[in-house]
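**Q** One structure is given below, represented as structure tokens, and several questions about it will come after.
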Amino acid sequence: MIDQEAPLSLILFSGTDDRLGAAAILATGAAAMGRPVNVFLQYWALDAFRREKIAAWHGAAPESGPSGATLVRESQAQRHWSELFQQAKDIGDVKIHACALSMELFDITPADLDPLVDDVEGVAAFMSDATQGPITFI
Amino acid sequence: MIDQEAPLSLILFSGTDDRLGAAAILATGAAAMGRPVNVFLQYWALDAFRREKIAAWHGAAPESGPSGATLVRESQAQRHWSELFQQAKDIGDVKIHACALSMELFDITPADLDPLVDDVEGVAAFMSDATQGPITFI
Amino acid sequence: MIDQEAPLSLILFSGTDDRLGAAAILATGAAAMGRPVNVFLQYWALDAFRREKIAAWHGAAPESGPSGATLVRESQAQRHWSELFQQAKDIGDVKIHACALSMELFDITPADLDPLVDDVEGVAAFMSDATQGPITFI
């Protein structure tokens, strides 16, 4: 029973639209089941959540090739991962945190971030919410 | 005791042979210990499980460089990750599911997939099998 | 209560400095909270832990681009991920294991590895320490 409600801790590292899309689907699926979700934005994923960049094309994994990248781009045009994260937040207990160290590394201020992001926190705070449940790195 | 039997939920996203090889080893190791394994194929990993593509060379991570890619290629020629997945299924409770959304994105039908794949399911079904245990994204 | 002490099992696959940096921060955060951490080095991450290579520049994810790679390089010059792993080992119960199969694949001997690495083990041994808690693949 304990684990039923264990939160899903999602560390988003990669900033390509295919991985962000996969992450958004996971978050939405977990939220729909009533599972709390804590998202932690690091490195290139944090960069992709900048207010001015979030709707831009962020590329796909190198292995996708040109035709694969086109597929990802078209699917994102239909339903963007940022909309899915908004939907996940609307239906469930989903928090999106910016990693303090990555904020510093990329010289990003809270005002630079899309409103989807709830706050900035350190890895200790993130890890203390993740003592139970999976920690999934994307 | 509960967690002893918690399934390992493996989300395969990447379709390069080095990552698929690492995933196959994990699945085999878990299956050998009697742990249930649920594999969920998304994006480039799903593409790599096409019947006509599964035995082909799918490349290695860009960081591997030419010499690293050769190493991966040679190791896959000796024991391919698809054989390891078959072995994992032979010895344990290992299910391989194709992500319904990725099937649609890549315009793949069930008949296109290698027989290693058990079925097509949505993220909700996958997540409902993953309320306990790790969720590992590869 | 059981899960409070569940170890964090970190599989390091990628050998780029941005991913190794993210892994080191996670390991340090977990160790600081008193959580046991088991690190399993595979493929490119194992290669990066070679004694003669560990301090070298290992590149960043392709998506980083030249300016992103420079950022990563500068941050690593200030505080290298290998120092963070050392710090994690100093403050907590952190073990770093080299994957036996990857040792063979890359023709690496224990003497080739940085002293941060505790031992060589097979995937079965790693998985038997990971029956509880998250398994995070980086």
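Going through the structure tokens in order, the chains are called A, B, and so on, while each chain numbers its residues from 1 and the ligands are numbered from 1 in the order shown.
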Contacts between chain C and chain A, please, where a residue of chain A counts if it comes within 12 Å (with only C-alpha atoms); show its shortest atom pair and distance in Å to one decimal, rows by chain and ascending number, as JSON lines.

**A**
{"residue": "A:Ile2", "atom": "CA", "partner": "C:Asp3", "partner_atom": "CA", "distance": 9.3}
{"residue": "A:Asp3", "atom": "CA", "partner": "C:Asp3", "partner_atom": "CA", "distance": 8.9}
{"residue": "A:Ala6", "atom": "CA", "partner": "C:Asp3", "partner_atom": "CA", "distance": 9.9}
{"residue": "A:Pro7", "atom": "CA", "partner": "C:Pro134", "partner_atom": "CA", "distance": 11.6}
{"residue": "A:Leu8", "atom": "CA", "partner": "C:Pro134", "partner_atom": "CA", "distance": 10.2}
{"residue": "A:Ser9", "atom": "CA", "partner": "C:Pro134", "partner_atom": "CA", "distance": 9.8}
{"residue": "A:Leu10", "atom": "CA", "partner": "C:Thr136", "partner_atom": "CA", "distance": 10.1}
{"residue": "A:Ile11", "atom": "CA", "partner": "C:Thr136", "partner_atom": "CA", "distance": 9.7}
{"residue": "A:Leu12", "atom": "CA", "partner": "C:Ala22", "partner_atom": "CA", "distance": 10.5}
{"residue": "A:Phe13", "atom": "CA", "partner": "C:Arg19", "partner_atom": "CA", "distance": 8.1}
{"residue": "A:Ser14", "atom": "CA", "partner": "C:Glu63", "partner_atom": "CA", "distance": 8.2}
{"residue": "A:Gly15", "atom": "CA", "partner": "C:Glu63", "partner_atom": "CA", "distance": 7.5}
{"residue": "A:Thr16", "atom": "CA", "partner": "C:Glu63", "partner_atom": "CA", "distance": 7.3}
{"residue": "A:Asp17", "atom": "CA", "partner": "C:Glu63", "partner_atom": "CA", "distance": 10.9}
{"residue": "A:Arg19", "atom": "CA", "partner": "C:Glu63", "partner_atom": "CA", "distance": 11.8}
{"residue": "A:Phe40", "atom": "CA", "partner": "C:Leu26", "partner_atom": "CA", "distance": 11.3}
{"residue": "A:Leu41", "atom": "CA", "partner": "C:Ala22", "partner_atom": "CA", "distance": 10.9}
{"residue": "A:Gln42", "atom": "CA", "partner": "C:Ala22", "partner_atom": "CA", "distance": 7.9}
{"residue": "A:Tyr43", "atom": "CA", "partner": "C:Asp18", "partner_atom": "CA", "distance": 7.9}
{"residue": "A:Trp44", "atom": "CA", "partner": "C:Ser64", "partner_atom": "CA", "distance": 7.1}
{"residue": "A:Ala45", "atom": "CA", "partner": "C:Glu63", "partner_atom": "CA", "distance": 10.5}
{"residue": "A:Asp47", "atom": "CA", "partner": "C:Ser64", "partner_atom": "CA", "distance": 10.1}
{"residue": "A:Ala48", "atom": "CA", "partner": "C:Glu63", "partner_atom": "CA", "distance": 11.2}
{"residue": "A:His58", "atom": "CA", "partner": "C:Glu63", "partner_atom": "CA", "distance": 8.6}
{"residue": "A:Gly59", "atom": "CA", "partner": "C:Glu63", "partner_atom": "CA", "distance": 7.8}
{"residue": "A:Ala60", "atom": "CA", "partner": "C:Glu63", "partner_atom": "CA", "distance": 8.5}
{"residue": "A:Ala61", "atom": "CA", "partner": "C:Glu63", "partner_atom": "CA", "distance": 7.9}
{"residue": "A:Pro62", "atom": "CA", "partner": "C:Pro62", "partner_atom": "CA", "distance": 7.5}
{"residue": "A:Glu63", "atom": "CA", "partner": "C:Pro62", "partner_atom": "CA", "distance": 10.8}
{"residue": "A:Cys99", "atom": "CA", "partner": "C:Ala22", "partner_atom": "CA", "distance": 10.5}
{"residue": "A:Ala100", "atom": "CA", "partner": "C:Ile25", "partner_atom": "CA", "distance": 11.5}
{"residue": "A:Leu101", "atom": "CA", "partner": "C:Ile25", "partner_atom": "CA", "distance": 9.3}
{"residue": "A:Ser102", "atom": "CA", "partner": "C:Ala22", "partner_atom": "CA", "distance": 9.5}
{"residue": "A:Glu104", "atom": "CA", "partner": "C:Ser75", "partner_atom": "CA", "distance": 10.1}
{"residue": "A:Leu105", "atom": "CA", "partner": "C:Leu71", "partner_atom": "CA", "distance": 7.2}
{"residue": "A:Phe106", "atom": "CA", "partner": "C:Leu71", "partner_atom": "CA", "distance": 7.5}
{"residue": "A:Asp107", "atom": "CA", "partner": "C:Leu71", "partner_atom": "CA", "distance": 10.2}
{"residue": "A:Gly122", "atom": "CA", "partner": "C:Gly29", "partner_atom": "CA", "distance": 9.0}
{"residue": "A:Val123", "atom": "CA", "partner": "C:Gly29", "partner_atom": "CA", "distance": 5.9}
{"residue": "A:Ala124", "atom": "CA", "partner": "C:Gly29", "partner_atom": "CA", "distance": 5.3}
{"residue": "A:Ala125", "atom": "CA", "partner": "C:Gly29", "partner_atom": "CA", "distance": 8.9}
{"residue": "A:Phe126", "atom": "CA", "partner": "C:Gly29", "partner_atom": "CA", "distance": 8.8}
{"residue": "A:Met127", "atom": "CA", "partner": "C:Ala30", "partner_atom": "CA", "distance": 6.5}
{"residue": "A:Ser128", "atom": "CA", "partner": "C:Met33", "partner_atom": "CA", "distance": 7.7}
{"residue": "A:Asp129", "atom": "CA", "partner": "C:Gln4", "partner_atom": "CA", "distance": 10.7}
{"residue": "A:Ala130", "atom": "CA", "partner": "C:Gln4", "partner_atom": "CA", "distance": 9.3}
{"residue": "A:Thr131", "atom": "CA", "partner": "C:Gln4", "partner_atom": "CA", "distance": 5.5}
{"residue": "A:Gln132", "atom": "CA", "partner": "C:Asp3", "partner_atom": "CA", "distance": 5.7}
{"residue": "A:Gly133", "atom": "CA", "partner": "C:Pro134", "partner_atom": "CA", "distance": 6.7}
{"residue": "A:Pro134", "atom": "CA", "partner": "C:Pro134", "partner_atom": "CA", "distance": 4.7}
{"residue": "A:Ile135", "atom": "CA", "partner": "C:Pro134", "partner_atom": "CA", "distance": 5.6}
{"residue": "A:Thr136", "atom": "CA", "partner": "C:Thr136", "partner_atom": "CA", "distance": 5.7}
{"residue": "A:Phe137", "atom": "CA", "partner": "C:Thr136", "partner_atom": "CA", "distance": 6.2}
{"residue": "A:Ile138", "atom": "CA", "partner": "C:Ile138", "partner_atom": "CA", "distance": 7.7}

**Q** Using every C-alpha atom paired in order, could you least-squares fit chain A onto chain C and give me the moved chain as a compact mmCIF listing (two decimals) with C-alpha atoms, in the first residue's frame?

**A**
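Output (out.txt):
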# COMPACT_ATOMS: atom_id res chain seq x y z
CA MET A 1 10.19 2.95 6.77
CA ILE A 2 11.64 0.20 4.66
CA ASP A 3 12.04 2.41 1.67
CA GLN A 4 13.68 5.17 3.64
CA GLU A 5 16.86 3.20 3.52
CA ALA A 6 16.42 1.69 0.08
CA PRO A 7 19.66 2.18 -1.82
CA LEU A 8 19.91 4.30 -4.91
CA SER A 9 21.20 2.14 -7.75
CA LEU A 10 22.83 4.28 -10.42
CA ILE A 11 23.78 2.73 -13.73
CA LEU A 12 26.22 4.99 -15.52
CA PHE A 13 26.29 4.26 -19.23
CA SER A 14 27.14 7.58 -20.83
CA GLY A 15 30.68 8.92 -20.63
CA THR A 16 30.13 12.59 -21.44
CA ASP A 17 31.05 15.11 -18.78
CA ASP A 18 27.57 16.64 -18.56
CA ARG A 19 25.88 13.31 -17.77
CA LEU A 20 28.69 12.23 -15.45
CA GLY A 21 28.34 15.60 -13.73
CA ALA A 22 24.60 15.11 -13.25
CA ALA A 23 25.23 11.59 -11.90
CA ALA A 24 27.85 12.84 -9.44
CA ILE A 25 25.47 15.48 -8.08
CA LEU A 26 22.75 12.86 -7.58
CA ALA A 27 25.14 10.50 -5.82
CA THR A 28 26.39 13.28 -3.56
CA GLY A 29 22.84 14.39 -2.73
CA ALA A 30 21.79 10.84 -1.83
CA ALA A 31 24.95 10.21 0.21
CA ALA A 32 24.43 13.44 2.15
CA MET A 33 21.01 12.14 3.19
CA GLY A 34 22.51 8.90 4.47
CA ARG A 35 21.16 6.85 1.61
CA PRO A 36 23.37 4.00 0.33
CA VAL A 37 24.39 4.40 -3.31
CA ASN A 38 25.52 1.65 -5.66
CA VAL A 39 27.05 2.86 -8.89
CA PHE A 40 27.47 0.43 -11.80
CA LEU A 41 29.81 1.54 -14.59
CA GLN A 42 29.03 0.33 -18.10
CA TYR A 43 30.23 1.11 -21.58
CA TRP A 44 31.33 4.74 -22.09
CA ALA A 45 31.07 5.63 -18.42
CA LEU A 46 33.41 2.78 -17.53
CA ASP A 47 35.82 3.98 -20.20
CA ALA A 48 35.73 7.46 -18.63
CA PHE A 49 36.81 6.03 -15.25
CA ARG A 50 40.13 4.79 -16.65
CA ARG A 51 42.98 6.06 -14.50
CA GLU A 52 44.58 7.80 -17.44
CA LYS A 53 41.39 9.29 -18.83
CA ILE A 54 39.35 10.31 -15.83
CA ALA A 55 40.65 13.90 -15.68
CA ALA A 56 40.48 14.40 -19.45
CA TRP A 57 37.69 16.18 -21.30
CA HIS A 58 35.05 13.62 -22.29
CA GLY A 59 32.80 15.88 -24.31
CA ALA A 60 29.17 16.81 -23.76
CA ALA A 61 25.91 15.58 -25.27
CA PRO A 62 25.63 16.42 -29.00
CA GLU A 63 22.66 18.69 -28.28
CA SER A 64 24.87 20.97 -26.18
CA GLY A 65 26.45 22.64 -29.21
CA PRO A 66 29.77 24.46 -28.99
CA SER A 67 28.65 27.08 -26.46
CA GLY A 68 26.96 24.51 -24.24
CA ALA A 69 30.04 22.31 -24.35
CA THR A 70 32.17 25.26 -23.26
CA LEU A 71 29.88 25.84 -20.29
CA VAL A 72 30.19 22.19 -19.24
CA ARG A 73 33.94 22.28 -19.69
CA GLU A 74 34.31 25.39 -17.54
CA SER A 75 32.11 24.01 -14.79
CA GLN A 76 34.09 20.76 -14.77
CA ALA A 77 37.33 22.73 -14.48
CA GLN A 78 35.94 24.35 -11.33
CA ARG A 79 34.69 21.18 -9.68
CA HIS A 80 35.19 17.93 -11.54
CA TRP A 81 32.66 15.11 -11.26
CA SER A 82 35.41 12.79 -10.04
CA GLU A 83 35.91 15.07 -7.01
CA LEU A 84 32.18 14.95 -6.33
CA PHE A 85 32.22 11.16 -6.41
CA GLN A 86 35.17 11.20 -4.00
CA GLN A 87 33.23 13.55 -1.75
CA ALA A 88 30.17 11.29 -1.93
CA LYS A 89 32.35 8.34 -0.88
CA ASP A 90 33.85 10.36 1.96
CA ILE A 91 30.51 11.32 3.47
CA GLY A 92 28.37 8.27 2.77
CA ASP A 93 27.99 4.64 1.87
CA VAL A 94 28.80 4.91 -1.85
CA LYS A 95 30.23 1.98 -3.79
CA ILE A 96 31.40 2.16 -7.39
CA HIS A 97 31.41 -1.11 -9.29
CA ALA A 98 32.76 -1.80 -12.78
CA CYS A 99 30.52 -4.00 -14.94
CA ALA A 100 32.36 -7.24 -15.70
CA LEU A 101 30.93 -7.53 -19.21
CA SER A 102 31.93 -3.99 -20.12
CA MET A 103 35.45 -4.62 -18.72
CA GLU A 104 35.72 -7.49 -21.17
CA LEU A 105 34.21 -5.56 -24.06
CA PHE A 106 36.65 -2.67 -23.66
CA ASP A 107 39.55 -4.92 -22.68
CA ILE A 108 40.04 -3.03 -19.41
CA THR A 109 41.81 -4.57 -16.41
CA PRO A 110 41.24 -3.52 -12.78
CA ALA A 111 44.70 -1.89 -12.79
CA ASP A 112 43.51 0.44 -15.57
CA LEU A 113 40.79 1.91 -13.39
CA ASP A 114 40.87 4.95 -11.16
CA PRO A 115 41.01 4.15 -7.44
CA LEU A 116 37.46 5.55 -7.09
CA VAL A 117 36.27 2.20 -8.45
CA ASP A 118 35.85 -0.35 -5.65
CA ASP A 119 35.57 -3.58 -7.58
CA VAL A 120 34.39 -5.45 -10.65
CA GLU A 121 31.06 -7.24 -10.49
CA GLY A 122 28.53 -8.93 -12.73
CA VAL A 123 25.05 -7.68 -13.43
CA ALA A 124 23.60 -10.39 -11.16
CA ALA A 125 25.52 -9.05 -8.16
CA PHE A 126 24.46 -5.51 -8.98
CA MET A 127 20.83 -6.50 -9.40
CA SER A 128 20.81 -8.43 -6.14
CA ASP A 129 21.75 -5.19 -4.33
CA ALA A 130 18.98 -3.41 -6.23
CA THR A 131 15.93 -5.47 -5.22
CA GLN A 132 14.73 -2.40 -3.37
CA GLY A 133 14.85 1.23 -4.35
CA PRO A 134 15.19 3.06 -7.63
CA ILE A 135 17.37 1.95 -10.53
CA THR A 136 18.41 5.05 -12.41
CA PHE A 137 20.12 4.80 -15.79
CA ILE A 138 22.17 7.79 -16.89

**Q** DSSP says strand (DSSP E) for which residues of range 44-113 of chain B? Put them as an MDAnalysis selection string?

**A** chainID B and resid 94:99

**Q** Those same residues, written as a PDB file, in the first residue's frame with all heavy atoms?

**A**
ATOM      1  N   VAL B  94       9.031 -11.974 -18.358  1.00  0.00           N
ATOM      2  CA  VAL B  94       9.433 -10.761 -19.079  1.00  0.00           C
ATOM      3  C   VAL B  94       8.425 -10.479 -20.183  1.00  0.00           C
ATOM      4  O   VAL B  94       8.204 -11.314 -21.062  1.00  0.00           O
ATOM      5  CB  VAL B  94      10.842 -10.919 -19.686  1.00  0.00           C
ATOM      6  CG1 VAL B  94      11.239  -9.694 -20.490  1.00  0.00           C
ATOM      7  CG2 VAL B  94      11.869 -11.198 -18.592  1.00  0.00           C
ATOM      8  N   LYS B  95       7.806  -9.314 -20.108  1.00  0.00           N
ATOM      9  CA  LYS B  95       6.846  -8.927 -21.143  1.00  0.00           C
ATOM     10  C   LYS B  95       7.368  -7.700 -21.886  1.00  0.00           C
ATOM     11  O   LYS B  95       7.921  -6.787 -21.270  1.00  0.00           O
ATOM     12  CB  LYS B  95       5.496  -8.571 -20.516  1.00  0.00           C
ATOM     13  CG  LYS B  95       4.775  -9.747 -19.861  1.00  0.00           C
ATOM     14  CD  LYS B  95       4.137 -10.641 -20.915  1.00  0.00           C
ATOM     15  CE  LYS B  95       3.349 -11.783 -20.250  1.00  0.00           C
ATOM     16  NZ  LYS B  95       4.221 -12.654 -19.403  1.00  0.00           N
ATOM     17  N   ILE B  96       7.191  -7.717 -23.197  1.00  0.00           N
ATOM     18  CA  ILE B  96       7.632  -6.582 -24.009  1.00  0.00           C
ATOM     19  C   ILE B  96       6.415  -5.955 -24.688  1.00  0.00           C
ATOM     20  O   ILE B  96       5.718  -6.612 -25.458  1.00  0.00           O
ATOM     21  CB  ILE B  96       8.689  -7.021 -25.046  1.00  0.00           C
ATOM     22  CG1 ILE B  96       9.891  -7.670 -24.323  1.00  0.00           C
ATOM     23  CG2 ILE B  96       9.136  -5.841 -25.894  1.00  0.00           C
ATOM     24  CD1 ILE B  96      11.041  -8.069 -25.235  1.00  0.00           C
ATOM     25  N   HIS B  97       6.165  -4.697 -24.325  1.00  0.00           N
ATOM     26  CA  HIS B  97       4.987  -3.984 -24.828  1.00  0.00           C
ATOM     27  C   HIS B  97       5.407  -2.846 -25.758  1.00  0.00           C
ATOM     28  O   HIS B  97       6.350  -2.119 -25.464  1.00  0.00           O
ATOM     29  CB  HIS B  97       4.204  -3.371 -23.664  1.00  0.00           C
ATOM     30  CG  HIS B  97       3.967  -4.309 -22.522  1.00  0.00           C
ATOM     31  ND1 HIS B  97       3.016  -5.302 -22.554  1.00  0.00           N
ATOM     32  CD2 HIS B  97       4.579  -4.429 -21.301  1.00  0.00           C
ATOM     33  CE1 HIS B  97       3.038  -5.978 -21.412  1.00  0.00           C
ATOM     34  NE2 HIS B  97       3.985  -5.471 -20.636  1.00  0.00           N
ATOM     35  N   ALA B  98       4.672  -2.692 -26.836  1.00  0.00           N
ATOM     36  CA  ALA B  98       4.909  -1.557 -27.732  1.00  0.00           C
ATOM     37  C   ALA B  98       4.001  -0.405 -27.308  1.00  0.00           C
ATOM     38  O   ALA B  98       2.808  -0.607 -27.053  1.00  0.00           O
ATOM     39  CB  ALA B  98       4.604  -1.957 -29.173  1.00  0.00           C
ATOM     40  N   CYS B  99       4.560   0.778 -27.212  1.00  0.00           N
ATOM     41  CA  CYS B  99       3.798   1.977 -26.814  1.00  0.00           C
ATOM     42  C   CYS B  99       2.840   2.369 -27.945  1.00  0.00           C
ATOM     43  O   CYS B  99       3.265   2.594 -29.086  1.00  0.00           O
ATOM     44  CB  CYS B  99       4.777   3.112 -26.529  1.00  0.00           C
ATOM     45  SG  CYS B  99       4.016   4.743 -26.400  1.00  0.00           S
TER      46      CYS B  99
END

**Q** Per DSSP on the backbone, what are the helix (DSSP H, G or I) residues of range 12-62 of chain A, as a ChimeraX atom specification?

**A** /A:17-32,43-48,62

**Q** Would you export the selected residues with N, CA, C and O atoms as a short mmCIF file (atom, residue, chain, number, x, y, z; two decimals), in the first residue's frame, please?

**A**
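The result, written out as again30.cif:
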data_model
loop_
_atom_site.label_atom_id
_atom_site.label_comp_id
_atom_site.auth_asym_id
_atom_site.auth_seq_id
_atom_site.Cartn_x
_atom_site.Cartn_y
_atom_site.Cartn_z
N ASP A 17 13.32 17.41 -28.26
CA ASP A 17 11.86 17.32 -28.21
C ASP A 17 11.34 15.88 -28.13
O ASP A 17 10.23 15.65 -27.63
N ASP A 18 12.12 14.91 -28.62
CA ASP A 18 11.65 13.53 -28.51
C ASP A 18 11.69 13.05 -27.05
O ASP A 18 10.74 12.46 -26.56
N ARG A 19 12.79 13.36 -26.36
CA ARG A 19 12.90 12.92 -24.95
C ARG A 19 11.93 13.72 -24.07
O ARG A 19 11.32 13.17 -23.15
N LEU A 20 11.80 15.01 -24.34
CA LEU A 20 10.86 15.81 -23.55
C LEU A 20 9.43 15.31 -23.80
O LEU A 20 8.60 15.30 -22.89
N GLY A 21 9.16 14.89 -25.04
CA GLY A 21 7.84 14.34 -25.35
C GLY A 21 7.58 13.05 -24.58
O GLY A 21 6.50 12.85 -24.03
N ALA A 22 8.58 12.17 -24.53
CA ALA A 22 8.43 10.91 -23.79
C ALA A 22 8.22 11.20 -22.30
O ALA A 22 7.40 10.55 -21.64
N ALA A 23 8.95 12.18 -21.78
CA ALA A 23 8.82 12.54 -20.36
C ALA A 23 7.42 13.07 -20.06
O ALA A 23 6.82 12.74 -19.03
N ALA A 24 6.91 13.90 -20.97
CA ALA A 24 5.59 14.51 -20.76
C ALA A 24 4.50 13.44 -20.75
O ALA A 24 3.54 13.52 -19.96
N ILE A 25 4.65 12.44 -21.60
CA ILE A 25 3.66 11.36 -21.65
C ILE A 25 3.68 10.55 -20.35
O ILE A 25 2.64 10.21 -19.80
N LEU A 26 4.90 10.29 -19.85
CA LEU A 26 5.03 9.57 -18.58
C LEU A 26 4.38 10.35 -17.44
O LEU A 26 3.65 9.79 -16.61
N ALA A 27 4.69 11.65 -17.40
CA ALA A 27 4.16 12.49 -16.31
C ALA A 27 2.64 12.52 -16.37
O ALA A 27 1.96 12.43 -15.33
N THR A 28 2.09 12.62 -17.57
CA THR A 28 0.64 12.68 -17.74
C THR A 28 0.01 11.35 -17.33
O THR A 28 -1.02 11.32 -16.63
N GLY A 29 0.64 10.25 -17.73
CA GLY A 29 0.13 8.93 -17.36
C GLY A 29 0.12 8.73 -15.85
O GLY A 29 -0.86 8.22 -15.28
N ALA A 30 1.18 9.14 -15.18
CA ALA A 30 1.26 8.99 -13.72
C ALA A 30 0.22 9.89 -13.05
O ALA A 30 -0.47 9.47 -12.10
N ALA A 31 0.11 11.13 -13.52
CA ALA A 31 -0.83 12.08 -12.92
C ALA A 31 -2.26 11.58 -13.06
O ALA A 31 -3.08 11.71 -12.14
N ALA A 32 -2.57 10.98 -14.21
CA ALA A 32 -3.92 10.48 -14.45
C ALA A 32 -4.28 9.36 -13.49
O ALA A 32 -5.46 9.12 -13.19
N TYR A 43 20.33 20.86 -16.69
CA TYR A 43 21.08 21.05 -17.93
C TYR A 43 20.18 21.44 -19.12
O TYR A 43 19.46 22.41 -19.08
N TRP A 44 20.19 20.63 -20.18
CA TRP A 44 19.57 21.00 -21.45
C TRP A 44 18.05 21.01 -21.34
O TRP A 44 17.38 21.75 -22.07
N ALA A 45 17.51 20.24 -20.43
CA ALA A 45 16.05 20.28 -20.23
C ALA A 45 15.67 21.61 -19.57
O ALA A 45 14.67 22.23 -19.95
N LEU A 46 16.45 22.04 -18.62
CA LEU A 46 16.17 23.34 -18.00
C LEU A 46 16.22 24.44 -19.05
O LEU A 46 15.35 25.31 -19.12
N ASP A 47 17.24 24.39 -19.87
CA ASP A 47 17.40 25.39 -20.94
C ASP A 47 16.16 25.42 -21.85
O ASP A 47 15.73 26.47 -22.30
N ALA A 48 15.59 24.23 -22.10
CA ALA A 48 14.41 24.14 -22.98
C ALA A 48 13.15 24.72 -22.33
O ALA A 48 12.18 25.02 -23.03
N PRO A 62 20.31 12.44 -32.00
CA PRO A 62 21.08 12.29 -33.23
C PRO A 62 20.69 11.05 -34.03
O PRO A 62 20.67 11.07 -35.26
#
